[in-house]
Amino acid sequence: MPTEMMPSADRAFAALRRFARTPTRLERCELCSAALAEEHPHLVEPASRSILCACDPCALLFDSPARGKYRRVSRSVRLLAAFRLSDAQWDNLLIPINMAFFLRSSVSGGVIALYPSPAGAVESLLPLDAWEEIVEDNPVLNHLQADVEALLVNRIGHQAECYIAPIDRCYGLVGHIRAKWKGLSGGTEVWEGIVRFFDVLRAQAEIVTGEAHA
């Protein structure tokens with residue numbers, strides 16, 4: 001299956017390396033240079049998919065999708081308990097591993113599939129008909145916010161989990177895997193970190209039940 005490393009995804013990962021290590025310096029807003037708290041908003045530049053740290057006043061300027069070159073990243077996390085995704089549908093997406101996230105791009109007008117690897121985020125060619133079949137089964141995806149949130153699918157382990165998650169959290173997962181991967185299998189540290197990531201995400205998520213409609 002043809003895949004290619006995306007430079008824009010690498011830039012997003014570079015902005016999120018702090019998620020995979022202990023901060024060693026005071027972080028500042030990348031728009032006005034104000035000092036930031038440990039928990040602070042992020043902005044995304046749709047054209048490059050770059051992620052920027054921002055203070056609350058600067059982030060408020062980009063709450064509307066129509067305002068400027070940036071969009072504020074949502075902090076909402078939803079666990080889609082009724083999400084329908086069969087093994088055959090997953091296989092049709094041509095994702096080579098059992099974890100990926102799917103981003104609706106306002107720039108391309110399409111859906112971009114990315115999966116983590118030891119080298120960073122890798123983009124996979126996404127068959128349009130395969131994605132449309134999943135959307136038909138799960139109408140909640142019609143309301144996926146372009147650029148700022150993604151469908152995050154974790155099929156590693158005994159039970160698959162599907163989330164609508166902020167895009168910075170998805171790239172944060174990629175950053176952890178790239179920073180901690182060792183050898184051929186990744187090593188204990190990287191897999192323990194993946195388990196912790198989804199434990200935290202699950203604990204923070206609003207559980208969406210029923211027929212998977214918005």
# chains A, B, ... in the order shown; residues from 1 in each chain; ligands from 1
>>> select_by_dssp(residues="chain A", states="alpha helix (DSSP H)", output="count of residues only")
61
>>> atom_distance(atom1="atom CA of Leu173 of chain A", atom2="atom CA of Phe101 of chain A")
10.4 Å
>>> closest_residue(among="A:Gly110, A:Cys162, A:Arg49, A:Lys69", to="Asn138 of chain A", atoms="only C-alpha atoms")
A:Cys162
>>> select_by_dssp(residues="segment 45-203 of chain A", states="strand (DSSP E or B)", output="PyMOL selection string")
chain A and resi 45+50-53+71-72+78-80+99-104+111-117+120-124+149-154+161-166+182+186
>>> decode(residues="segment 25-173 of chain A", atoms="C-alpha atoms", output="CSV table (one decimal), in the first residue's frame")
chain,number,residue,atom,x,y,z
A,25,ARG,CA,11.4,26.0,30.3
A,26,LEU,CA,8.5,28.4,30.6
A,27,GLU,CA,6.2,28.1,27.6
A,28,ARG,CA,5.0,31.2,25.9
A,29,CYS,CA,2.1,32.1,23.6
A,30,GLU,CA,3.4,31.8,20.1
A,31,LEU,CA,1.3,34.9,19.0
A,32,CYS,CA,2.0,37.4,21.8
A,33,SER,CA,4.8,35.8,23.9
A,34,ALA,CA,2.7,35.9,27.1
A,35,ALA,CA,3.7,33.2,29.7
A,36,LEU,CA,1.5,30.2,29.6
A,37,ALA,CA,0.1,27.9,32.3
A,38,GLU,CA,0.9,24.1,31.9
A,39,GLU,CA,-2.7,23.7,30.6
A,40,HIS,CA,-3.3,26.2,27.8
A,41,PRO,CA,-5.2,26.4,24.5
A,42,HIS,CA,-3.8,25.4,21.1
A,43,LEU,CA,-4.4,26.7,17.6
A,44,VAL,CA,-4.0,24.9,14.3
A,45,GLU,CA,-3.0,26.4,11.0
A,46,PRO,CA,-5.1,24.4,8.5
A,47,ALA,CA,-2.8,25.0,5.6
A,48,SER,CA,0.2,23.3,7.2
A,49,ARG,CA,-1.5,21.5,10.1
A,50,SER,CA,1.0,23.1,12.4
A,51,ILE,CA,0.0,23.4,16.1
A,52,LEU,CA,0.7,26.6,18.1
A,53,CYS,CA,0.5,27.2,21.8
A,54,ALA,CA,-1.7,30.2,22.7
A,55,CYS,CA,-2.8,32.2,25.7
A,56,ASP,CA,-6.6,32.5,26.4
A,57,PRO,CA,-7.0,36.0,25.0
A,58,CYS,CA,-5.2,35.1,21.7
A,59,ALA,CA,-7.1,31.8,21.5
A,60,LEU,CA,-10.4,33.6,21.8
A,61,LEU,CA,-9.7,35.5,18.6
A,62,PHE,CA,-9.9,32.3,16.7
A,63,ASP,CA,-13.0,30.7,18.2
A,64,SER,CA,-14.8,31.2,14.9
A,65,PRO,CA,-13.7,29.1,11.9
A,66,ALA,CA,-14.0,32.2,9.7
A,67,ARG,CA,-11.4,34.3,11.6
A,68,GLY,CA,-7.9,34.4,10.2
A,69,LYS,CA,-5.4,31.7,9.4
A,70,TYR,CA,-5.8,29.8,12.6
A,71,ARG,CA,-8.5,27.8,14.3
A,72,ARG,CA,-8.8,27.1,18.0
A,73,VAL,CA,-8.5,23.4,18.9
A,74,SER,CA,-11.5,22.0,20.7
A,75,ARG,CA,-10.9,20.4,24.2
A,76,SER,CA,-14.0,18.2,23.9
A,77,VAL,CA,-13.4,14.4,24.0
A,78,ARG,CA,-16.3,12.0,23.1
A,79,LEU,CA,-16.1,8.2,23.4
A,80,LEU,CA,-18.4,6.8,20.8
A,81,ALA,CA,-19.8,3.8,22.6
A,82,ALA,CA,-22.2,2.8,19.8
A,83,PHE,CA,-19.7,3.3,16.9
A,84,ARG,CA,-20.1,0.7,14.2
A,85,LEU,CA,-16.9,-0.4,12.5
A,86,SER,CA,-16.5,-4.0,11.3
A,87,ASP,CA,-13.2,-5.7,10.6
A,88,ALA,CA,-14.0,-5.7,6.9
A,89,GLN,CA,-14.6,-1.9,6.9
A,90,TRP,CA,-11.3,-1.4,8.8
A,91,ASP,CA,-9.5,-3.6,6.3
A,92,ASN,CA,-11.0,-1.6,3.4
A,93,LEU,CA,-9.4,1.6,4.8
A,94,LEU,CA,-5.9,0.1,4.1
A,95,ILE,CA,-4.4,1.2,7.4
A,96,PRO,CA,-1.4,-1.1,8.1
A,97,ILE,CA,-1.7,-0.9,12.0
A,98,ASN,CA,-4.6,-1.0,14.4
A,99,MET,CA,-4.5,2.6,15.4
A,100,ALA,CA,-5.2,5.7,13.3
A,101,PHE,CA,-7.0,9.1,13.3
A,102,PHE,CA,-9.1,10.7,10.6
A,103,LEU,CA,-9.1,14.4,10.0
A,104,ARG,CA,-11.5,16.4,7.8
A,105,SER,CA,-9.4,19.0,6.1
A,106,SER,CA,-10.9,22.4,5.1
A,107,VAL,CA,-8.0,22.9,2.7
A,108,SER,CA,-8.3,19.8,0.6
A,109,GLY,CA,-12.0,19.3,1.3
A,110,GLY,CA,-11.4,15.6,2.0
A,111,VAL,CA,-10.6,13.3,4.9
A,112,ILE,CA,-7.0,12.5,5.8
A,113,ALA,CA,-6.1,9.3,7.5
A,114,LEU,CA,-2.9,9.3,9.6
A,115,TYR,CA,-1.4,6.7,11.8
A,116,PRO,CA,1.5,6.8,14.3
A,117,SER,CA,4.9,5.3,13.5
A,118,PRO,CA,8.4,5.4,15.1
A,119,ALA,CA,9.2,8.0,12.4
A,120,GLY,CA,6.2,10.2,13.2
A,121,ALA,CA,2.7,10.6,11.6
A,122,VAL,CA,2.3,8.8,8.3
A,123,GLU,CA,-0.6,9.6,5.9
A,124,SER,CA,-2.4,6.7,4.3
A,125,LEU,CA,-4.3,6.9,1.1
A,126,LEU,CA,-8.0,6.7,2.0
A,127,PRO,CA,-10.4,5.0,-0.4
A,128,LEU,CA,-13.4,7.4,-0.5
A,129,ASP,CA,-16.0,4.7,-0.8
A,130,ALA,CA,-14.7,2.9,2.2
A,131,TRP,CA,-14.9,6.1,4.3
A,132,GLU,CA,-18.4,7.0,3.1
A,133,GLU,CA,-19.7,3.6,4.1
A,134,ILE,CA,-18.4,4.2,7.7
A,135,VAL,CA,-20.0,7.7,7.7
A,136,GLU,CA,-23.3,6.2,6.5
A,137,ASP,CA,-23.2,3.8,9.5
A,138,ASN,CA,-22.2,6.5,11.9
A,139,PRO,CA,-23.8,9.9,11.1
A,140,VAL,CA,-22.0,11.6,14.0
A,141,LEU,CA,-19.0,11.8,11.6
A,142,ASN,CA,-21.0,14.3,9.5
A,143,HIS,CA,-20.4,16.8,12.3
A,144,LEU,CA,-16.7,16.2,12.7
A,145,GLN,CA,-15.2,19.7,13.0
A,146,ALA,CA,-12.7,20.3,10.2
A,147,ASP,CA,-9.0,20.7,11.1
A,148,VAL,CA,-9.5,20.8,14.9
A,149,GLU,CA,-10.8,17.3,15.9
A,150,ALA,CA,-10.5,13.8,14.5
A,151,LEU,CA,-12.0,10.4,14.7
A,152,LEU,CA,-9.4,8.4,16.7
A,153,VAL,CA,-9.6,4.7,16.5
A,154,ASN,CA,-7.7,2.3,18.8
A,155,ARG,CA,-8.1,-1.4,17.8
A,156,ILE,CA,-5.2,-2.6,19.8
A,157,GLY,CA,-6.2,-5.0,22.6
A,158,HIS,CA,-9.4,-6.9,23.2
A,159,GLN,CA,-12.0,-4.2,22.5
A,160,ALA,CA,-11.9,-1.4,19.9
A,161,GLU,CA,-12.4,2.2,21.1
A,162,CYS,CA,-13.5,5.1,18.9
A,163,TYR,CA,-13.3,8.7,20.0
A,164,ILE,CA,-13.9,12.2,18.6
A,165,ALA,CA,-10.7,13.8,20.0
A,166,PRO,CA,-8.9,17.1,19.7
A,167,ILE,CA,-6.3,17.1,17.0
A,168,ASP,CA,-3.5,18.1,19.4
A,169,ARG,CA,-4.2,15.0,21.5
A,170,CYS,CA,-3.9,12.8,18.4
A,171,TYR,CA,-0.5,14.4,17.5
A,172,GLY,CA,0.5,14.1,21.2
A,173,LEU,CA,0.1,10.3,20.9
